[in-house]
>>> print(open('structure.txt').read())   # compact mmCIF, C-alpha atoms
# COMPACT_ATOMS: atom_id res chain seq x y z
CA MET Q 1 -6.62 32.12 22.17
CA TYR Q 2 -8.77 33.72 19.48
CA ALA Q 3 -7.59 31.23 16.86
CA ARG Q 4 -8.43 28.37 19.18
CA SER Q 5 -11.99 29.62 19.71
CA LEU Q 6 -12.34 30.21 15.99
CA ALA Q 7 -11.10 26.68 15.28
CA ARG Q 8 -13.63 25.24 17.73
CA ALA Q 9 -16.45 27.21 16.10
CA LEU Q 10 -15.41 26.16 12.60
CA ASN Q 11 -15.10 22.51 13.63
CA THR Q 12 -18.62 22.67 15.07
CA LEU Q 13 -19.85 24.31 11.88
CA SER Q 14 -18.19 21.60 9.77
CA LEU Q 15 -20.14 18.91 11.64
CA TYR Q 16 -23.40 20.67 10.80
CA ALA Q 17 -22.31 21.06 7.17
CA LEU Q 18 -21.48 17.33 6.93
CA SER Q 19 -24.81 16.48 8.54
CA ALA Q 20 -26.59 18.69 6.01
CA VAL Q 21 -24.94 16.76 3.17
CA LEU Q 22 -25.98 13.41 4.69
CA ILE Q 23 -29.54 14.70 5.24
CA ALA Q 24 -29.64 15.90 1.60
CA ALA Q 25 -28.56 12.42 0.46
CA PHE Q 26 -31.39 10.85 2.49
CA ALA Q 27 -33.84 13.45 1.15
CA MET Q 28 -32.94 12.57 -2.47
CA GLN Q 29 -33.15 8.86 -1.66
CA PHE Q 30 -36.65 9.10 -0.20
CA ALA Q 31 -38.13 11.97 -2.24
CA ARG Q 32 -36.96 10.74 -5.65
CA ASN Q 33 -36.79 7.05 -4.70
CA GLU Q 34 -33.23 6.91 -6.05
CA LEU Q 35 -31.41 4.26 -4.10
CA PRO Q 36 -27.65 4.55 -3.58
CA CYS Q 37 -25.42 2.12 -5.50
CA PRO Q 38 -22.33 0.51 -3.89
CA LEU Q 39 -20.05 3.35 -5.04
CA CYS Q 40 -22.58 5.89 -3.73
CA LEU Q 41 -22.55 4.08 -0.36
CA LEU Q 42 -18.76 4.25 -0.27
CA GLN Q 43 -18.93 8.00 -0.89
CA ARG Q 44 -21.44 8.33 1.96
CA ALA Q 45 -19.13 6.31 4.21
CA PHE Q 46 -16.21 8.63 3.47
CA MET Q 47 -18.48 11.63 4.05
CA CYS Q 48 -19.24 10.18 7.50
CA ALA Q 49 -15.52 9.51 8.04
CA LEU Q 50 -14.82 13.22 7.47
CA ALA Q 51 -16.53 13.90 10.81
CA SER Q 52 -13.79 12.06 12.75
CA GLY Q 53 -11.37 15.01 12.67
CA PRO Q 54 -13.82 17.67 13.95
CA ILE Q 55 -15.08 15.35 16.71
CA LEU Q 56 -11.53 14.68 17.92
CA ASN Q 57 -10.72 18.40 17.67
CA LEU Q 58 -13.72 19.34 19.78
CA ARG Q 59 -12.97 16.72 22.40
CA PHE Q 60 -9.17 16.83 22.69
CA GLY Q 61 -8.42 20.25 21.21
CA PRO Q 62 -7.22 21.01 17.66
CA ARG Q 63 -4.22 18.97 16.49
CA PRO Q 64 -2.72 18.59 13.02
CA SER Q 65 -3.16 14.81 13.22
CA HIS Q 66 -6.94 15.23 13.60
CA TYR Q 67 -7.09 17.37 10.48
CA ALA Q 68 -4.93 14.75 8.72
CA LEU Q 69 -7.56 12.07 9.39
CA SER Q 70 -10.24 14.15 7.70
CA MET Q 71 -7.91 14.93 4.81
CA LEU Q 72 -7.28 11.21 4.26
CA ALA Q 73 -11.03 10.55 4.29
CA ALA Q 74 -11.62 13.41 1.80
CA LEU Q 75 -8.87 12.11 -0.48
CA ALA Q 76 -10.30 8.57 -0.46
CA GLY Q 77 -13.82 9.92 -1.02
CA ALA Q 78 -12.62 11.99 -3.96
CA ALA Q 79 -10.99 8.86 -5.45
CA VAL Q 80 -14.28 6.93 -5.21
CA SER Q 81 -16.36 9.73 -6.72
CA ILE Q 82 -13.92 10.33 -9.57
CA ARG Q 83 -14.04 6.60 -10.30
CA GLN Q 84 -17.82 6.89 -10.69
CA ILE Q 85 -17.50 10.03 -12.84
CA LEU Q 86 -15.11 8.13 -15.14
CA LEU Q 87 -17.55 5.20 -15.40
CA HIS Q 88 -20.08 7.58 -16.96
CA ILE Q 89 -17.81 9.86 -18.93
CA LEU Q 90 -18.52 8.42 -22.39
CA PRO Q 91 -20.71 10.62 -24.64
CA GLY Q 92 -24.32 9.46 -24.59
CA ASP Q 93 -24.08 7.86 -21.14
CA PRO Q 94 -27.03 9.18 -19.10
CA GLY Q 95 -25.13 8.74 -15.82
CA TYR Q 96 -26.40 7.12 -12.65
CA GLY Q 97 -29.44 8.71 -11.04
CA SER Q 98 -30.83 12.10 -11.88
CA ALA Q 99 -28.95 15.36 -12.02
CA THR Q 100 -29.32 18.10 -9.42
CA PHE Q 101 -28.50 21.63 -10.62
CA GLY Q 102 -26.89 20.06 -13.67
CA TYR Q 103 -24.62 17.59 -11.89
CA HIS Q 104 -25.07 14.01 -10.76
CA TYR Q 105 -24.65 13.16 -7.07
CA TYR Q 106 -21.18 11.67 -7.56
CA THR Q 107 -20.00 14.85 -9.28
CA TRP Q 108 -21.33 16.90 -6.36
CA ALA Q 109 -19.62 14.47 -3.99
CA PHE Q 110 -16.30 14.95 -5.81
CA LEU Q 111 -16.64 18.73 -5.61
CA LEU Q 112 -17.51 18.53 -1.90
CA PHE Q 113 -14.52 16.30 -1.13
CA VAL Q 114 -12.21 18.73 -2.97
CA VAL Q 115 -13.74 21.71 -1.11
CA ALA Q 116 -13.25 19.80 2.17
CA LEU Q 117 -9.57 19.21 1.31
CA VAL Q 118 -9.05 22.91 0.58
CA LEU Q 119 -10.84 24.01 3.77
CA LEU Q 120 -8.87 21.52 5.88
CA ALA Q 121 -5.61 22.80 4.39
CA LEU Q 122 -6.70 26.37 5.18
CA MET Q 123 -7.49 25.34 8.77
CA LEU Q 124 -3.96 24.00 9.14
CA LEU Q 125 -2.67 27.50 8.35
CA LEU Q 126 -4.09 28.74 11.69
CA ASP Q 127 -0.92 27.89 13.63
CA SER Q 128 -1.89 29.50 16.92
CA GLN Q 129 -4.88 27.15 17.35
CA PHE Q 130 -2.32 24.45 18.27
CA ASP Q 131 -0.85 26.45 21.19
CA ARG Q 132 -1.72 24.74 24.46
CA ILE Q 133 -2.13 27.40 27.11
CA THR Q 134 -5.13 26.24 29.11
CA PRO Q 135 -6.85 22.85 29.44
CA GLU Q 136 -9.32 22.16 26.65
CA PRO Q 137 -12.81 23.37 27.70
CA ARG Q 138 -15.76 21.04 27.54
CA PRO Q 139 -17.46 21.19 24.10
CA THR Q 140 -20.39 23.59 23.95
CA ALA Q 141 -23.98 22.37 23.72
CA ALA Q 142 -24.00 23.23 20.00
CA ALA Q 143 -20.82 21.19 19.48
CA ARG Q 144 -22.23 18.22 21.38
CA ALA Q 145 -25.44 18.40 19.36
CA GLY Q 146 -23.41 18.49 16.12
CA ILE Q 147 -21.40 15.45 17.22
CA LEU Q 148 -24.52 13.48 18.11
CA LEU Q 149 -26.17 14.50 14.83
CA ALA Q 150 -23.19 13.27 12.79
CA ILE Q 151 -23.04 9.97 14.71
CA GLY Q 152 -26.83 9.55 14.45
CA LEU Q 153 -26.84 10.11 10.69
CA THR Q 154 -24.03 7.59 10.25
CA ALA Q 155 -26.05 5.10 12.28
CA ALA Q 156 -29.14 5.87 10.18
CA ASN Q 157 -27.14 4.72 7.15
CA ILE Q 158 -26.84 1.27 8.74
CA LEU Q 159 -30.64 0.87 8.67
CA SER Q 160 -30.98 2.41 5.21
CA THR Q 161 -28.28 0.18 3.74
CA LEU Q 162 -29.72 -2.89 5.40
CA ALA Q 163 -33.12 -2.04 3.89
CA ILE Q 164 -31.63 -1.56 0.41
CA CYS Q 165 -29.35 -4.61 0.33
CA GLY Q 166 -31.02 -6.98 2.78
CA PHE Q 167 -28.65 -9.67 4.02
CA ALA Q 168 -27.20 -10.37 0.58
CA SER Q 169 -24.72 -8.48 -1.62
CA CYS Q 170 -25.83 -5.00 -2.59
CA PRO Q 171 -27.15 -4.86 -6.18
CA ASP Q 172 -25.13 -2.76 -8.65
CA ASN Q 173 -28.21 -0.83 -9.66
CA PRO Q 174 -30.67 -0.99 -6.75
CA VAL Q 175 -34.29 -0.24 -7.63
CA ARG Q 176 -36.11 -1.56 -4.55
CA TYR Q 177 -35.61 -2.18 -0.84
CA GLU Q 178 -34.51 -5.83 -0.83
CA LEU Q 179 -35.19 -6.31 2.87
CA PHE Q 180 -38.91 -5.73 2.34
CA GLN Q 181 -39.30 -8.02 -0.72
CA ARG Q 182 -41.01 -11.36 -0.26
CA ASP Q 183 -39.88 -13.06 -3.52
CA MET M 184 -24.77 -6.77 4.07
CA ILE M 185 -21.14 -5.78 3.90
CA PHE M 186 -22.07 -2.14 3.35
CA ALA M 187 -24.34 -2.17 6.41
CA LEU M 188 -21.36 -3.50 8.37
CA LEU M 189 -19.27 -0.71 6.86
CA PHE M 190 -21.59 1.87 8.39
CA VAL M 191 -21.61 -0.03 11.70
CA MET M 192 -17.82 0.29 11.67
CA TRP M 193 -17.88 4.04 10.92
CA THR M 194 -20.54 4.64 13.57
CA ALA M 195 -18.26 2.87 16.04
CA VAL M 196 -15.28 4.98 14.91
CA LEU M 197 -17.20 8.25 15.37
CA ALA M 198 -18.51 7.07 18.74
CA ALA M 199 -14.94 6.17 19.73
CA ALA M 200 -13.77 9.65 18.71
CA TRP M 201 -16.34 11.03 21.13
CA LEU M 202 -16.02 8.53 23.99
CA ALA M 203 -12.83 6.47 23.79
CA PRO M 204 -9.22 7.39 24.56
CA ARG M 205 -7.58 9.38 21.77
CA ARG M 206 -5.08 6.72 20.74
CA ARG M 207 -7.79 4.06 20.45
CA ALA M 208 -9.97 6.39 18.38
CA MET M 209 -7.08 7.13 16.01
CA ALA M 210 -6.28 3.42 15.66
CA GLY M 211 -9.94 2.66 14.97
CA PHE M 212 -9.99 5.30 12.25
CA ALA M 213 -6.89 3.81 10.61
CA VAL M 214 -8.37 0.30 10.57
CA ALA M 215 -11.74 1.54 9.26
CA LEU M 216 -10.09 3.61 6.54
CA LEU M 217 -7.99 0.67 5.36
CA LEU M 218 -10.99 -1.68 5.32
CA THR M 219 -13.13 0.84 3.40
CA ILE M 220 -10.37 1.37 0.83
CA ALA M 221 -10.00 -2.42 0.58
CA LEU M 222 -13.72 -2.70 -0.17
CA PHE M 223 -13.39 -0.01 -2.85
CA VAL M 224 -10.41 -1.77 -4.44
CA HIS M 225 -12.32 -5.06 -4.34
CA HIS M 226 -15.23 -3.42 -6.17
CA ILE M 227 -13.16 -1.73 -8.86
CA THR M 228 -11.19 -4.90 -9.59
CA ASP M 229 -14.25 -7.14 -9.78
CA PRO M 230 -14.69 -7.87 -13.51
CA LEU M 231 -18.33 -8.89 -13.13
CA THR M 232 -19.75 -5.71 -11.64
CA LEU M 233 -19.55 -2.06 -12.50
CA SER M 234 -20.90 -0.78 -9.19
CA PHE M 235 -22.50 2.06 -11.14
>>> encode(input="structure.txt", output="C-alpha cells")
Amino acid sequence: MYARSLARALNTLSLYALSAVLIAAFAMQFARNELPCPLCLLQRAFMCALASGPILNLRFGPRPSHYALSMLAALAGAAVSIRQILLHILPGDPGYGSATFGYHYYTWAFLLFVVALVLLALMLLLDSQFDRITPEPRPTAAARAGILLAIGLTAANILSTLAICGFASCPDNPVRYELFQRD
Amino acid sequence: MIFALLFVMWTAVLAAAWLAPRRRAMAGFAVALLLTIALFVHHITDPLTLSF
C-alpha cells in the first residue's frame, strides 16, 4: 500500500518536472528569441510523450506497460538529441543556439532523457506498487492539476509551432515567426 | 505545418490517456510514437536539409 502511494506521488511529481522542462524551453524561446529547429521540436514532442505513462498510472493505477510507454518515448527522444549532438560534434562548430550552463539545449535534452530512463527503470523496481488490493482512488487535486498542466503545455506547442513555421515546412534554422510575416 | 500537427497528435494522445478507455489510449500512443519516429527518419534521411 505504501509503495502504491509513493508511486502515485512520484508520478505526480514527474508531471510537474516535465512541465518545468517544457516551461523552461518556452522561456528560452521567448527570452532569448531562439526559435526551435525541427530536431528541437521533435525533442519537445518526445518530452511531451513522456507524460503519457504518468497520466495513465494516475488514472488506472501503476502498471509496467505504462512505464514502458514512457521508456519508449525517452529512448526515442534520446536518439533525436544524440543525432543533433553528432551534427555539431566537429571541432570549431559553434552548435545550434546558445549554451546554458555550458551545454546546448539538445545536450541537456539528451541528459534529461537518459535521467528519465534511469528513473523509470528504478520505478519498475517497486514491485509492490503493482499489487491490486483496492480499487484505484480518484487522482488527487495536485495530480489532476499536473495532468492538465502537461496537456496544456503540449497544446501550447501547437500554437508556438504554427507561429514559427506558418502553414509551410518548418525552416531548418528558424529566425522569425513565419506566421506573422507579410512577405 | 507538419510539426504543428505533430503536437496536435500528442495533445490528443495525452487527452486520451486522461479521458479515453485504457486500450484506446495505449493504441493512440503507439500510432503517435510510430508517426513521430517516421518523421524523424524522414528528416535524417533527407539529403537537402540538416534540420540543425
>>> interface_residues(input="structure.txt", of="chain Q", to="chain M", cutoff="9 Å", atoms="only C-alpha atoms", output="PDB file with C-alpha atoms, in the frame of the given file")
ATOM      1  CA  CYS Q  37     -25.420   2.120  -5.500  1.00  0.00           C
ATOM      2  CA  PRO Q  38     -22.330   0.510  -3.890  1.00  0.00           C
ATOM      3  CA  LEU Q  39     -20.050   3.350  -5.040  1.00  0.00           C
ATOM      4  CA  CYS Q  40     -22.580   5.890  -3.730  1.00  0.00           C
ATOM      5  CA  LEU Q  41     -22.550   4.080  -0.360  1.00  0.00           C
ATOM      6  CA  LEU Q  42     -18.760   4.250  -0.270  1.00  0.00           C
ATOM      7  CA  ALA Q  45     -19.130   6.310   4.210  1.00  0.00           C
ATOM      8  CA  PHE Q  46     -16.210   8.630   3.470  1.00  0.00           C
ATOM      9  CA  CYS Q  48     -19.240  10.180   7.500  1.00  0.00           C
ATOM     10  CA  ALA Q  49     -15.520   9.510   8.040  1.00  0.00           C
ATOM     11  CA  ALA Q  51     -16.530  13.900  10.810  1.00  0.00           C
ATOM     12  CA  SER Q  52     -13.790  12.060  12.750  1.00  0.00           C
ATOM     13  CA  GLY Q  53     -11.370  15.010  12.670  1.00  0.00           C
ATOM     14  CA  ILE Q  55     -15.080  15.350  16.710  1.00  0.00           C
ATOM     15  CA  LEU Q  56     -11.530  14.680  17.920  1.00  0.00           C
ATOM     16  CA  LEU Q  58     -13.720  19.340  19.780  1.00  0.00           C
ATOM     17  CA  ARG Q  59     -12.970  16.720  22.400  1.00  0.00           C
ATOM     18  CA  PHE Q  60      -9.170  16.830  22.690  1.00  0.00           C
ATOM     19  CA  HIS Q  66      -6.940  15.230  13.600  1.00  0.00           C
ATOM     20  CA  LEU Q  69      -7.560  12.070   9.390  1.00  0.00           C
ATOM     21  CA  LEU Q  72      -7.280  11.210   4.260  1.00  0.00           C
ATOM     22  CA  ALA Q  73     -11.030  10.550   4.290  1.00  0.00           C
ATOM     23  CA  ALA Q  76     -10.300   8.570  -0.460  1.00  0.00           C
ATOM     24  CA  VAL Q  80     -14.280   6.930  -5.210  1.00  0.00           C
ATOM     25  CA  ARG Q  83     -14.040   6.600 -10.300  1.00  0.00           C
ATOM     26  CA  GLN Q  84     -17.820   6.890 -10.690  1.00  0.00           C
ATOM     27  CA  LEU Q  87     -17.550   5.200 -15.400  1.00  0.00           C
ATOM     28  CA  HIS Q  88     -20.080   7.580 -16.960  1.00  0.00           C
ATOM     29  CA  GLY Q  95     -25.130   8.740 -15.820  1.00  0.00           C
ATOM     30  CA  TYR Q  96     -26.400   7.120 -12.650  1.00  0.00           C
ATOM     31  CA  ILE Q 147     -21.400  15.450  17.220  1.00  0.00           C
ATOM     32  CA  LEU Q 148     -24.520  13.480  18.110  1.00  0.00           C
ATOM     33  CA  ALA Q 150     -23.190  13.270  12.790  1.00  0.00           C
ATOM     34  CA  ILE Q 151     -23.040   9.970  14.710  1.00  0.00           C
ATOM     35  CA  GLY Q 152     -26.830   9.550  14.450  1.00  0.00           C
ATOM     36  CA  LEU Q 153     -26.840  10.110  10.690  1.00  0.00           C
ATOM     37  CA  THR Q 154     -24.030   7.590  10.250  1.00  0.00           C
ATOM     38  CA  ALA Q 155     -26.050   5.100  12.280  1.00  0.00           C
ATOM     39  CA  ALA Q 156     -29.140   5.870  10.180  1.00  0.00           C
ATOM     40  CA  ASN Q 157     -27.140   4.720   7.150  1.00  0.00           C
ATOM     41  CA  ILE Q 158     -26.840   1.270   8.740  1.00  0.00           C
ATOM     42  CA  LEU Q 159     -30.640   0.870   8.670  1.00  0.00           C
ATOM     43  CA  SER Q 160     -30.980   2.410   5.210  1.00  0.00           C
ATOM     44  CA  THR Q 161     -28.280   0.180   3.740  1.00  0.00           C
ATOM     45  CA  LEU Q 162     -29.720  -2.890   5.400  1.00  0.00           C
ATOM     46  CA  CYS Q 165     -29.350  -4.610   0.330  1.00  0.00           C
ATOM     47  CA  GLY Q 166     -31.020  -6.980   2.780  1.00  0.00           C
ATOM     48  CA  PHE Q 167     -28.650  -9.670   4.020  1.00  0.00           C
ATOM     49  CA  ALA Q 168     -27.200 -10.370   0.580  1.00  0.00           C
ATOM     50  CA  SER Q 169     -24.720  -8.480  -1.620  1.00  0.00           C
ATOM     51  CA  CYS Q 170     -25.830  -5.000  -2.590  1.00  0.00           C
ATOM     52  CA  PRO Q 171     -27.150  -4.860  -6.180  1.00  0.00           C
ATOM     53  CA  ASP Q 172     -25.130  -2.760  -8.650  1.00  0.00           C
ATOM     54  CA  ASN Q 173     -28.210  -0.830  -9.660  1.00  0.00           C
TER      55      ASN Q 173
END
>>> atom_distance(input="structure.txt", atom1="atom CA of Q:Ala116", atom2="atom CA of Q:Pro64")
15.2 Å
>>> axis_aligned_box(input="structure.txt", around="stretch 188-201 of chain M", padding_each_side="4 Å", output="lines of an AutoDock Vina configuration file")
center_x = -17.7
center_y = 3.8
center_z = 14.0
size_x = 15.8
size_y = 22.5
size_z = 22.3
>>> atom_distance(input="structure.txt", atom1="atom CA of Q:Trp108", atom2="atom CA of Q:Leu126")
27.6 Å
>>> atom_distance(input="structure.txt", atom1="atom CA of Q:Pro137", atom2="atom CA of Q:Gly61")
8.4 Å
>>> residues_around(input="structure.txt", residues="Q:Val21", least_positions_apart="2", cutoff="10 Å", atoms="all atoms listed in the file", output="NGL selection string")
:Q and (15-19 or 23-27 or 44 or 47-48 or 109 or 112)
